[in-house]
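S.K.: Please read through the structure below; I'll follow up with questions.
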Amino acid sequence: MLYEDNHILVVNKRPGDIVQGDKTGDKPLSDIVKSYIADKYNKPGAVYLGVVHRLDRPTSGIVLFAKTSKALARLNKMFANRDTDKIYWAMVKNVPPKRSDRLVHYLVRNSKQNKSYSHEKEVPNAKKGILSYTILKELDTYFLLEINLETGRHHQIRSQLSAIGSPIKGDLKYGFDRSNKDASIHLHARQLTLLHPVKKENLTIVAPPPDDALWNACL
């Protein structure tokens with residue numbers, strides 16, 4: 001747990017966890033959090049929990065939930081209007097063309113493949129994806145990128161980094177040469193800054209990355 005009050009709750013998701021139930025039938029993070037609330041506060045009956053946003057299954061980091069319908073409505077509006085700042089960390093082996101850059105692509109989602117394709121020019125059915133990255137740290141074999149998301153498209157970071165020749169470590173789907181042993185990818189939702197939906201105070205939440213040798217070398 002990274003943060004909790006009467007209105008919101010923020011969790012540091014482990015790679016492999018799903019945020020909401022899907023066809024796999026695996027227990028989602030939302031159910032785990034509901035059980036936690038029920039136990040902690042001795043709540044009988046159904047626990048209210050609003051899912052504000054999601055992270056891909058192999059990704060780790062910040063997931064925000066709403067504990068009240070009022071908070072959920074306001075957070076949904078904030079996320080829709082891009083009134084939040086999200087920072088991600090990604091580990092890549094191939095150094096990007098520039099030390100820092102703003103990437104603009106046109107992303108087309110293929111639902112059957114559960115994959116998004118990045119195009120440099122506008123194509124039919126595409127949605128514009130924008131992010132900025134900076135090389136934060138150079139390790140022996142890998143580069144740590146800090147990424148600021150301007151839009152929130154399906155698999156956006158994974159697709160755009162792949163498009164510039166720097167797929168994320170472990171991300172076979174987007175061109176990395178081998179998977180991670182635990183089926184994770186080295187993409188981490190590191191920081192979220194937003195206006196609290198009820199208290200109206202600025203809130204910045206930072207999530208430590210998973211405990212592995214590569215991430216630990218960046219801290």
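Labeling convention for the structure tokens: chains A, B, ... as they appear, residues from 1 per chain, ligands from 1 in order of appearance.
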Please identify all polymer residues within 10 Å of Pro124 (chain A), counting only C-alpha atoms, omitting same-chain residues fewer than 4 positions from it, and present them as a PDB file with N, CA and C atoms, in the first residue's frame.
M.R.:
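See part-v8.pdb below for the written result:
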```
ATOM      1  N   TYR A 106       1.267   7.646 -34.420  1.00  0.00           N
ATOM      2  CA  TYR A 106      -0.157   7.355 -34.620  1.00  0.00           C
ATOM      3  C   TYR A 106      -0.347   5.859 -34.394  1.00  0.00           C
ATOM      4  N   LEU A 107      -1.073   5.535 -33.330  1.00  0.00           N
ATOM      5  CA  LEU A 107      -1.172   4.146 -32.896  1.00  0.00           C
ATOM      6  C   LEU A 107      -2.465   3.498 -33.382  1.00  0.00           C
ATOM      7  N   VAL A 108      -2.318   2.326 -33.945  1.00  0.00           N
ATOM      8  CA  VAL A 108      -3.468   1.522 -34.380  1.00  0.00           C
ATOM      9  C   VAL A 108      -3.491   0.253 -33.540  1.00  0.00           C
TER      10      VAL A 108
END
```
S.K.: Please return as a list of chain:residue names: the residues of region 104-140 of chain A that backbone DSSP assigns to strand (DSSP E or B).
M.R.: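 Assigned to strand (DSSP E or B), within region 104-140 of chain A: A:Val104, A:His105, A:Tyr106, A:Leu107, A:Val108, A:Arg109, A:Asn110, A:Lys115, A:Ser116, A:Tyr117, A:Ser118, A:His119, A:Lys127, A:Lys128, A:Gly129, A:Ile130, A:Leu131, A:Ser132, A:Tyr133, A:Thr134, A:Ile135, A:Leu136, A:Lys137, A:Glu138.
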S.K.: Please write the residues from the selection above to a file, keeping N, CA and C atoms, as a compact mmCIF listing (two decimals), in the first residue's frame.
M.R.:
```txt
# COMPACT_ATOMS: atom_id res chain seq x y z
N VAL A 104 6.08 11.40 -31.13
CA VAL A 104 4.69 11.50 -31.58
C VAL A 104 4.47 10.40 -32.61
N HIS A 105 3.55 9.50 -32.32
CA HIS A 105 3.21 8.44 -33.26
C HIS A 105 1.69 8.35 -33.40
N TYR A 106 1.27 7.65 -34.42
CA TYR A 106 -0.16 7.35 -34.62
C TYR A 106 -0.35 5.86 -34.39
N LEU A 107 -1.07 5.53 -33.33
CA LEU A 107 -1.17 4.15 -32.90
C LEU A 107 -2.46 3.50 -33.38
N VAL A 108 -2.32 2.33 -33.95
CA VAL A 108 -3.47 1.52 -34.38
C VAL A 108 -3.49 0.25 -33.54
N ARG A 109 -4.60 0.03 -32.89
CA ARG A 109 -4.74 -1.14 -32.02
C ARG A 109 -5.31 -2.33 -32.79
N ASN A 110 -4.66 -3.47 -32.63
CA ASN A 110 -5.15 -4.72 -33.19
C ASN A 110 -5.65 -5.57 -32.02
N LYS A 115 -2.32 -5.86 -29.45
CA LYS A 115 -1.08 -5.15 -29.75
C LYS A 115 -1.40 -3.84 -30.45
N SER A 116 -0.55 -2.83 -30.23
CA SER A 116 -0.72 -1.55 -30.92
C SER A 116 0.49 -1.28 -31.80
N TYR A 117 0.22 -0.80 -33.00
CA TYR A 117 1.28 -0.51 -33.97
C TYR A 117 1.46 0.99 -34.10
N SER A 118 2.71 1.45 -34.01
CA SER A 118 3.02 2.89 -34.09
C SER A 118 3.44 3.27 -35.51
N HIS A 119 2.81 4.32 -36.02
CA HIS A 119 3.13 4.84 -37.36
C HIS A 119 3.59 6.28 -37.22
N LYS A 127 -4.88 6.59 -33.32
CA LYS A 127 -4.98 7.60 -32.26
C LYS A 127 -3.58 8.14 -31.98
N LYS A 128 -3.50 9.44 -31.83
CA LYS A 128 -2.19 10.06 -31.61
C LYS A 128 -1.67 9.70 -30.22
N GLY A 129 -0.40 9.27 -30.19
CA GLY A 129 0.26 8.96 -28.93
C GLY A 129 1.48 9.84 -28.77
N ILE A 130 1.59 10.50 -27.60
CA ILE A 130 2.71 11.42 -27.35
C ILE A 130 3.34 11.09 -25.99
N LEU A 131 4.66 11.00 -26.00
CA LEU A 131 5.41 10.85 -24.75
C LEU A 131 6.75 11.55 -24.88
N SER A 132 7.34 11.86 -23.75
CA SER A 132 8.71 12.39 -23.72
C SER A 132 9.56 11.44 -22.89
N TYR A 133 10.80 11.22 -23.31
CA TYR A 133 11.68 10.36 -22.52
C TYR A 133 13.03 11.04 -22.32
N THR A 134 13.72 10.63 -21.27
CA THR A 134 15.09 11.05 -20.99
C THR A 134 15.85 9.83 -20.49
N ILE A 135 17.11 9.70 -20.93
CA ILE A 135 17.96 8.64 -20.36
C ILE A 135 18.37 9.09 -18.96
N LEU A 136 17.90 8.34 -17.97
CA LEU A 136 18.14 8.71 -16.57
C LEU A 136 19.44 8.11 -16.05
N LYS A 137 19.74 6.88 -16.52
CA LYS A 137 20.93 6.19 -16.01
C LYS A 137 21.42 5.19 -17.05
N GLU A 138 22.75 5.07 -17.13
CA GLU A 138 23.36 4.06 -18.01
C GLU A 138 23.97 2.98 -17.15
```
S.K.: What is the distance, in Å and to one decimal place, between CA of Ile18 (chain A) and CA of Arg57 (chain A)?
M.R.: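 Going from CA of Ile18 (chain A) over to CA of Arg57 (chain A), I get 5.2 Å.
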S.K.: What are the nearest atom pairs, with distances in Å to one decimal, for all residues of region 47-153 of chain A that come at most 12 Å from region 35-42 of chain A, using only C-alpha atoms, set out by chain and rising residue number as JSON lines?
M.R.:
```
{"residue": "A:Val47", "atom": "CA", "partner": "A:Ala38", "partner_atom": "CA", "distance": 6.5}
{"residue": "A:Tyr48", "atom": "CA", "partner": "A:Ile37", "partner_atom": "CA", "distance": 9.2}
{"residue": "A:Leu49", "atom": "CA", "partner": "A:Ile37", "partner_atom": "CA", "distance": 9.3}
{"residue": "A:Phe65", "atom": "CA", "partner": "A:Ile37", "partner_atom": "CA", "distance": 11.8}
{"residue": "A:Ala66", "atom": "CA", "partner": "A:Ile37", "partner_atom": "CA", "distance": 11.9}
{"residue": "A:Lys67", "atom": "CA", "partner": "A:Ile37", "partner_atom": "CA", "distance": 9.3}
```
S.K.: Which residue, A:Arg74, A:Ile164, A:His155, A:Lys181, has the smallest gap to Ser111 (chain A) when you use only C-alpha atoms?
M.R.: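 Looking at the shortest contact to Ser111 (chain A), the residue is A:His155.
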S.K.: Find the residue from A:Gln160, A:Ile185, A:Gly21, A:Ala80 that sits nearest to Leu172 (chain A); use only C-alpha atoms when measuring.
M.R.: A:Ile185
S.K.: With distances taken over only C-alpha atoms, which residue among A:Leu139, A:Leu195, A:Ala183, A:Ile205 lies nearest Asp56 (chain A)?
M.R.: A:Ala183
S.K.: Run DSSP on the backbone and grab whatever in region 1-177 of chain A lands in helix (DSSP H, G or I); send it over as a short mmCIF file (atom, residue, chain, number, x, y, z; two decimals) with C-alpha atoms, in the first residue's frame.
M.R.:
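The new file result36.cif reads:
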```
data_model
loop_
_atom_site.label_atom_id
_atom_site.label_comp_id
_atom_site.auth_asym_id
_atom_site.auth_seq_id
_atom_site.Cartn_x
_atom_site.Cartn_y
_atom_site.Cartn_z
CA LEU A 29 -6.03 -6.75 -7.76
CA SER A 30 -9.43 -5.05 -7.32
CA ASP A 31 -10.75 -8.13 -5.46
CA ILE A 32 -7.62 -8.32 -3.30
CA VAL A 33 -8.03 -4.65 -2.34
CA LYS A 34 -11.74 -5.16 -1.57
CA SER A 35 -10.84 -8.03 0.77
CA TYR A 36 -8.21 -5.85 2.44
CA ILE A 37 -10.78 -3.07 3.04
CA ALA A 38 -13.38 -5.52 4.35
CA ASP A 39 -10.87 -7.04 6.80
CA LYS A 40 -9.28 -3.78 7.93
CA SER A 69 -18.47 7.09 -5.91
CA LYS A 70 -17.82 10.82 -5.53
CA ALA A 71 -14.06 10.28 -5.70
CA LEU A 72 -14.44 7.93 -8.69
CA ALA A 73 -16.48 10.44 -10.71
CA ARG A 74 -13.95 13.21 -10.09
CA LEU A 75 -10.94 10.99 -10.78
CA ASN A 76 -12.49 9.68 -14.01
CA LYS A 77 -12.90 13.28 -15.15
CA MET A 78 -9.31 14.13 -14.20
CA PHE A 79 -7.88 11.16 -16.09
CA ALA A 80 -10.10 11.85 -19.12
CA GLN A 156 1.60 3.20 -25.84
CA ILE A 157 5.04 3.21 -24.18
CA ARG A 158 5.77 -0.35 -25.29
CA SER A 159 4.80 0.38 -28.89
CA GLN A 160 6.51 3.76 -29.20
CA LEU A 161 9.82 2.62 -27.71
CA SER A 162 9.76 -0.40 -30.01
CA ALA A 163 9.16 1.94 -32.96
CA LEU A 172 8.78 -10.19 -26.56
CA LYS A 173 5.53 -8.84 -28.01
CA TYR A 174 7.25 -5.60 -29.00
#
```
S.K.: Could you check the closest approach to Val95 (chain A) for each of A:Arg82, A:Leu214, A:Tyr142, A:Glu122 and tell me which residue wins, using only C-alpha atoms?
M.R.: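 Closest to Val95 (chain A), using only C-alpha atoms: A:Tyr142.
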S.K.: What lies within 12 Å of region 209-212 of chain A using only C-alpha atoms, ignoring chain neighbours under 4 positions off, as a ChimeraX atom specification?
M.R.: /A:12-16,58-62,88-91,180-182,184-191,216-219
S.K.: Take the residues from that selection and put them in a file with C-alpha atoms, as an mmCIF file, in the first residue's frame.
M.R.:
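New file part-v4.cif:
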```cif
data_model
loop_
_atom_site.group_PDB
_atom_site.id
_atom_site.type_symbol
_atom_site.label_atom_id
_atom_site.label_comp_id
_atom_site.auth_asym_id
_atom_site.auth_seq_id
_atom_site.Cartn_x
_atom_site.Cartn_y
_atom_site.Cartn_z
ATOM 1 C CA ASN A 12 2.137 -0.713 -5.932
ATOM 2 C CA LYS A 13 1.163 -3.443 -8.404
ATOM 3 C CA ARG A 14 3.455 -6.418 -8.848
ATOM 4 C CA PRO A 15 4.216 -7.651 -12.372
ATOM 5 C CA GLY A 16 1.787 -10.437 -13.253
ATOM 6 C CA PRO A 58 3.452 -7.593 -17.017
ATOM 7 C CA THR A 59 3.950 -3.984 -15.837
ATOM 8 C CA SER A 60 4.528 -2.904 -12.230
ATOM 9 C CA GLY A 61 3.800 0.256 -10.279
ATOM 10 C CA ILE A 62 1.130 2.713 -9.241
ATOM 11 C CA TYR A 88 7.188 5.749 -15.901
ATOM 12 C CA TRP A 89 10.547 4.011 -15.783
ATOM 13 C CA ALA A 90 11.576 1.645 -18.573
ATOM 14 C CA MET A 91 14.697 -0.455 -19.045
ATOM 15 C CA ASN A 180 11.985 -12.284 -18.339
ATOM 16 C CA LYS A 181 11.814 -15.459 -16.242
ATOM 17 C CA ASP A 182 8.724 -14.234 -14.362
ATOM 18 C CA SER A 184 7.294 -9.413 -16.432
ATOM 19 C CA ILE A 185 8.601 -6.547 -18.517
ATOM 20 C CA HIS A 186 10.856 -3.805 -17.165
ATOM 21 C CA LEU A 187 8.223 -1.073 -17.305
ATOM 22 C CA HIS A 188 7.232 0.561 -14.022
ATOM 23 C CA ALA A 189 4.632 3.230 -13.218
ATOM 24 C CA ARG A 190 6.968 5.240 -11.002
ATOM 25 C CA GLN A 191 5.159 8.448 -10.031
ATOM 26 C CA ASN A 216 18.074 -2.058 -7.641
ATOM 27 C CA ALA A 217 21.065 -0.785 -9.636
ATOM 28 C CA CYS A 218 18.987 2.288 -10.541
ATOM 29 C CA LEU A 219 18.104 3.325 -6.997
#
```
S.K.: Sorted by chain and rising residue number, which residues of region 92-201 of chain A lie within 12 Å of region 4-9 of chain A, and what are their closest atom pairs and distances in Å to one decimal, counting only C-alpha atoms, as JSON lines?
M.R.:
```
{"residue": "A:Leu194", "atom": "CA", "partner": "A:Ile8", "partner_atom": "CA", "distance": 12.0}
{"residue": "A:Leu195", "atom": "CA", "partner": "A:Ile8", "partner_atom": "CA", "distance": 11.8}
{"residue": "A:His196", "atom": "CA", "partner": "A:Ile8", "partner_atom": "CA", "distance": 8.6}
{"residue": "A:Pro197", "atom": "CA", "partner": "A:His7", "partner_atom": "CA", "distance": 8.1}
{"residue": "A:Val198", "atom": "CA", "partner": "A:His7", "partner_atom": "CA", "distance": 7.3}
{"residue": "A:Lys199", "atom": "CA", "partner": "A:His7", "partner_atom": "CA", "distance": 9.2}
{"residue": "A:Lys200", "atom": "CA", "partner": "A:His7", "partner_atom": "CA", "distance": 11.8}
```
S.K.: For CA of Lys112 (chain A) and CA of Gly175 (chain A), determine how far apart the two atoms are, in Å to one decimal place.
M.R.: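 Straight-line distance from CA of Lys112 (chain A) to CA of Gly175 (chain A) works out to 17.9 Å.
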S.K.: CA of Pro208 (chain A) to CA of His154 (chain A): how many Å, to one decimal?
M.R.: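 Those two atoms sit 23.6 Å apart.
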S.K.: Here is a test: counting only C-alpha atoms, which residue of A:Tyr3, A:Glu201, A:Leu55, A:Ala46 is nearest to Gln20 (chain A)?
M.R.: A:Leu55
S.K.: So which one's closest to Met1 (chain A), A:Arg178, A:Leu64, A:Val19, A:Thr84? Using only C-alpha atoms, please.
M.R.: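 For Met1 (chain A), the nearest of the given residues is A:Leu64.
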